[in-house]
Structure formats: C-alpha cells, structure tokens
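Peer 1: I am attaching a structure below and will ask some questions about it afterwards.
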Amino acid sequence: MANKKVLLVEDDFINMRLAQHILETEGYIVLKAATAQEALEQLESVLPDLILIDVQLPDIDGRVFVRMLRGKPDTKDIKILALTACAMKGDREMILQVGCDGYISKPIHVQKFIDIVRGHIGAGSGTGR
C-alpha cells in the first residue's frame with residue numbers, strides 16, 4: 001500500500017512541527033504549507049489524501065479557504081479536517097458547515113489526533129505504533 005499523503009496547512013511553527021512529527025511517526029507523508037497560498041501551490045502538483053487546515057491562517061481565513069477547495073473540481077472530494085484552537089460554543093458546527101469533514105481542537109492530544117486522522121483516511125505505512 002502506498003503511503004497516504006497529508007497536506008498540513010499551519011502557520012505556527014511549533015504546531016506544524018508537532019503535527020508533522022506525529023503524522024510521520026505514523027507513516028504518513030507530510031506536505032507542509034504555512035499559508036493558504038502555499039497550500040494552493042502544493043495542490044497544483046499533488047493531491048493529498050487529507051488536508052489538515054488551521055482555521056486562522058495569515059492570508060486567507062481558513063473557512064473561506066475550505067469553501068474555495070470545495071468549489072474546485074480537483075479538491076472538492078479531498079477529506080479536510082480543521083485543526084484549530086477555536087473551541088467556543090458553535091465553532092465546531094460552523095467549521096463543519098463550511099465543508100470540513102471533521103474537527104481537531106488544539107492543543108493536540110496525540111492519540112485522539114491519530115485516531116481522527118486514521119478515521120478519515122486510514123493508516124499510513126504502518127511504520128508507527
């Protein structure tokens with residue numbers, strides 16, 4: 001089985017490194033982007049199995065970006081999970097309404113993070129736990 005690819009769109013370096021480490025440990029191939037524009041450039045050359053997107057990006061609001069991705073033929077069916085610190089009442093529902101397939105709150109809880117990713121795209125190469 002080929003390794004599953006995850007595009008991680010996160011502008012915070014520490015959060016990026018943590019999520020990247022967890023995903024790579026589990027055998028996923030991680031593509032990285034710090035902005036929505038960088039993510040769009042990545043998507044021109046490779047279509048991942050999953051996109052993890054921070055809702056608060058510096059260039060385009062993550063919710064707007066998700067709507068953009070859902071409107072494009074190449075990306076409309078890719079699984080998208082919000083990776084966000086937005087944890088107020090109603091935030092989860094709003095994120096799902098814009099087109100995300102799921103929601104992962106920060107701070108990341110490692111096992112929960114892995115379980116949610118696996119639930120949406122399956123296991124990586126099996127090199128992790």
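Ordered as shown in the structure tokens, chains take letters A, B, and onward, while each chain numbers its residues from 1 and ligands are numbered from 1 in the order shown.
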Quick one: residues within 12 Å of Val66 in chain A, only C-alpha atoms counted, chain neighbours fewer than 2 positions away excluded, as a PDB file with C-alpha atoms, in the first residue's frame?
Peer 2:
ATOM      1  CA  VAL A   9      -1.637  23.933   6.475  1.00  0.00           C
ATOM      2  CA  ALA A  36      -3.375  29.187   2.041  1.00  0.00           C
ATOM      3  CA  ALA A  39      -1.219  25.207   0.044  1.00  0.00           C
ATOM      4  CA  LEU A  40      -2.747  26.134  -3.320  1.00  0.00           C
ATOM      5  CA  ILE A  51      -5.831  18.229   4.274  1.00  0.00           C
ATOM      6  CA  LEU A  52      -5.365  19.410   7.860  1.00  0.00           C
ATOM      7  CA  ILE A  53      -6.030  23.133   7.954  1.00  0.00           C
ATOM      8  CA  ASP A  54      -5.644  25.722  10.657  1.00  0.00           C
ATOM      9  CA  VAL A  55      -8.755  27.882  10.657  1.00  0.00           C
ATOM     10  CA  GLN A  56      -6.808  31.066  11.417  1.00  0.00           C
ATOM     11  CA  LEU A  57      -4.339  31.487   8.558  1.00  0.00           C
ATOM     12  CA  ILE A  60      -6.974  33.768   3.877  1.00  0.00           C
ATOM     13  CA  ASP A  61      -9.414  32.808   6.603  1.00  0.00           C
ATOM     14  CA  GLY A  62      -9.416  29.020   6.863  1.00  0.00           C
ATOM     15  CA  ARG A  63     -13.190  28.823   6.469  1.00  0.00           C
ATOM     16  CA  VAL A  64     -13.015  30.816   3.233  1.00  0.00           C
ATOM     17  CA  MET A  68     -12.556  27.560  -2.129  1.00  0.00           C
ATOM     18  CA  LEU A  69     -11.275  23.986  -2.021  1.00  0.00           C
ATOM     19  CA  ARG A  70     -14.805  22.575  -2.050  1.00  0.00           C
ATOM     20  CA  GLY A  71     -15.553  24.668  -5.134  1.00  0.00           C
ATOM     21  CA  LYS A  72     -12.653  23.293  -7.190  1.00  0.00           C
ATOM     22  CA  THR A  75     -10.057  19.248  -4.457  1.00  0.00           C
ATOM     23  CA  LYS A  76     -13.798  19.067  -3.789  1.00  0.00           C
ATOM     24  CA  ASP A  77     -13.666  15.437  -2.619  1.00  0.00           C
ATOM     25  CA  ILE A  78     -10.443  15.519  -0.556  1.00  0.00           C
ATOM     26  CA  LYS A  79     -11.063  14.950   3.147  1.00  0.00           C
ATOM     27  CA  ILE A  80     -10.480  18.177   5.109  1.00  0.00           C
ATOM     28  CA  LEU A  81     -10.056  18.386   8.866  1.00  0.00           C
ATOM     29  CA  ALA A  82      -9.952  21.681  10.721  1.00  0.00           C
ATOM     30  CA  MET A  94     -19.669  26.381  11.915  1.00  0.00           C
ATOM     31  CA  ILE A  95     -16.468  24.653  10.749  1.00  0.00           C
ATOM     32  CA  LEU A  96     -18.403  21.589   9.627  1.00  0.00           C
ATOM     33  CA  GLN A  97     -20.949  23.773   7.821  1.00  0.00           C
ATOM     34  CA  VAL A  98     -18.268  25.384   5.631  1.00  0.00           C
ATOM     35  CA  GLY A  99     -17.229  21.975   4.339  1.00  0.00           C
ATOM     36  CA  CYS A 100     -14.780  20.375   6.751  1.00  0.00           C
ATOM     37  CA  ASP A 101     -15.177  16.643   7.288  1.00  0.00           C
ATOM     38  CA  GLY A 102     -14.044  16.857  10.887  1.00  0.00           C
TER      39      GLY A 102
END
Peer 1: Apply DSSP to the backbone of this structure and, from chain A, keep only the residues in helix (DSSP H, G or I); write these as a PDB file with C-alpha atoms, in the first residue's frame.
Peer 2:
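Contents of states_10.pdb, as written:
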ATOM      1  CA  PHE A  13       5.932  26.636  13.565  1.00  0.00           C
ATOM      2  CA  ILE A  14       5.604  24.695  16.826  1.00  0.00           C
ATOM      3  CA  ASN A  15       2.148  23.359  15.941  1.00  0.00           C
ATOM      4  CA  MET A  16       3.425  22.483  12.467  1.00  0.00           C
ATOM      5  CA  ARG A  17       6.403  20.532  13.827  1.00  0.00           C
ATOM      6  CA  LEU A  18       4.307  18.681  16.395  1.00  0.00           C
ATOM      7  CA  ALA A  19       1.646  17.598  13.899  1.00  0.00           C
ATOM      8  CA  GLN A  20       4.312  16.735  11.315  1.00  0.00           C
ATOM      9  CA  HIS A  21       6.198  14.580  13.827  1.00  0.00           C
ATOM     10  CA  ILE A  22       3.067  12.707  14.893  1.00  0.00           C
ATOM     11  CA  LEU A  23       1.973  12.099  11.299  1.00  0.00           C
ATOM     12  CA  GLU A  24       5.400  10.992  10.095  1.00  0.00           C
ATOM     13  CA  THR A  25       5.788   8.679  13.085  1.00  0.00           C
ATOM     14  CA  ALA A  36      -3.375  29.187   2.041  1.00  0.00           C
ATOM     15  CA  GLN A  37      -1.412  30.432  -0.975  1.00  0.00           C
ATOM     16  CA  GLU A  38       1.399  27.947  -0.291  1.00  0.00           C
ATOM     17  CA  ALA A  39      -1.219  25.207   0.044  1.00  0.00           C
ATOM     18  CA  LEU A  40      -2.747  26.134  -3.320  1.00  0.00           C
ATOM     19  CA  GLU A  41       0.717  25.932  -4.905  1.00  0.00           C
ATOM     20  CA  GLN A  42       1.233  22.461  -3.368  1.00  0.00           C
ATOM     21  CA  LEU A  43      -2.163  21.342  -4.675  1.00  0.00           C
ATOM     22  CA  GLU A  44      -1.153  22.222  -8.231  1.00  0.00           C
ATOM     23  CA  SER A  45       1.353  19.371  -8.253  1.00  0.00           C
ATOM     24  CA  GLY A  62      -9.416  29.020   6.863  1.00  0.00           C
ATOM     25  CA  ARG A  63     -13.190  28.823   6.469  1.00  0.00           C
ATOM     26  CA  VAL A  64     -13.015  30.816   3.233  1.00  0.00           C
ATOM     27  CA  PHE A  65     -10.159  28.593   2.081  1.00  0.00           C
ATOM     28  CA  VAL A  66     -12.189  25.432   2.751  1.00  0.00           C
ATOM     29  CA  ARG A  67     -15.046  26.848   0.668  1.00  0.00           C
ATOM     30  CA  MET A  68     -12.556  27.560  -2.129  1.00  0.00           C
ATOM     31  CA  LEU A  69     -11.275  23.986  -2.021  1.00  0.00           C
ATOM     32  CA  ARG A  70     -14.805  22.575  -2.050  1.00  0.00           C
ATOM     33  CA  ASP A  91     -17.325  26.792  16.426  1.00  0.00           C
ATOM     34  CA  ARG A  92     -17.329  23.073  15.610  1.00  0.00           C
ATOM     35  CA  GLU A  93     -20.705  23.283  13.892  1.00  0.00           C
ATOM     36  CA  MET A  94     -19.669  26.381  11.915  1.00  0.00           C
ATOM     37  CA  ILE A  95     -16.468  24.653  10.749  1.00  0.00           C
ATOM     38  CA  LEU A  96     -18.403  21.589   9.627  1.00  0.00           C
ATOM     39  CA  GLN A  97     -20.949  23.773   7.821  1.00  0.00           C
ATOM     40  CA  VAL A 110      -1.696  12.730  20.369  1.00  0.00           C
ATOM     41  CA  GLN A 111      -3.842   9.584  20.456  1.00  0.00           C
ATOM     42  CA  LYS A 112      -7.053  11.466  19.691  1.00  0.00           C
ATOM     43  CA  PHE A 113      -5.294  13.238  16.794  1.00  0.00           C
ATOM     44  CA  ILE A 114      -4.078   9.912  15.369  1.00  0.00           C
ATOM     45  CA  ASP A 115      -7.488   8.289  15.822  1.00  0.00           C
ATOM     46  CA  ILE A 116      -9.277  11.114  13.984  1.00  0.00           C
ATOM     47  CA  VAL A 117      -6.786  11.107  11.099  1.00  0.00           C
ATOM     48  CA  ARG A 118      -6.996   7.319  10.771  1.00  0.00           C
ATOM     49  CA  GLY A 119     -10.767   7.514  10.889  1.00  0.00           C
ATOM     50  CA  HIS A 120     -10.790   9.788   7.869  1.00  0.00           C
ATOM     51  CA  ILE A 121      -8.032   8.302   5.666  1.00  0.00           C
TER      52      ILE A 121
END
Peer 1: Which of these, A:Ile104, A:Val46, A:Val30, A:Leu83, has the shortest distance to Asp12 in chain A once you count only C-alpha atoms?
Peer 2: A:Leu83
Peer 1: Which of these, A:Asn3, A:Asp11, A:Pro48, A:His109, has the shortest distance to Gly27 in chain A once you count only C-alpha atoms?
Peer 2: A:Asn3
Peer 1: Rounded to one decimal place, report the CA of Ile29 in chain A-CA of Pro73 in chain A distance in Å.
Peer 2: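 One can read the CA of Ile29 in chain A to CA of Pro73 in chain A distance as 23.1 Å.
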Peer 1: Identify all residues of range 14-99 of chain A in strand (DSSP E) (DSSP on the backbone) and supply them as a list in words.
Peer 2: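 So the strand (DSSP E) residues in range 14-99 of chain A would be Ile29, Val30, Leu31, Lys32, Ala33, Leu50, Ile51, Leu52, Ile53, Asp54, Lys79, Ile80, Leu81, Ala82, Leu83 and Thr84 of chain A.
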Peer 1: I need the residues from that last selection saved to file as a short mmCIF file (atom, residue, chain, number, x, y, z; two decimals), in the first residue's frame (with C-alpha atoms), if you can.
Peer 2:
data_model
loop_
_atom_site.label_atom_id
_atom_site.label_comp_id
_atom_site.auth_asym_id
_atom_site.auth_seq_id
_atom_site.Cartn_x
_atom_site.Cartn_y
_atom_site.Cartn_z
CA ILE A 29 3.87 11.55 4.01
CA VAL A 30 3.51 15.16 5.17
CA LEU A 31 3.37 18.10 2.78
CA LYS A 32 3.58 21.47 4.52
CA ALA A 33 2.24 24.95 3.88
CA LEU A 50 -6.22 14.52 3.59
CA ILE A 51 -5.83 18.23 4.27
CA LEU A 52 -5.37 19.41 7.86
CA ILE A 53 -6.03 23.13 7.95
CA ASP A 54 -5.64 25.72 10.66
CA LYS A 79 -11.06 14.95 3.15
CA ILE A 80 -10.48 18.18 5.11
CA LEU A 81 -10.06 18.39 8.87
CA ALA A 82 -9.95 21.68 10.72
CA LEU A 83 -7.04 21.90 13.13
CA THR A 84 -7.93 24.80 15.37
#
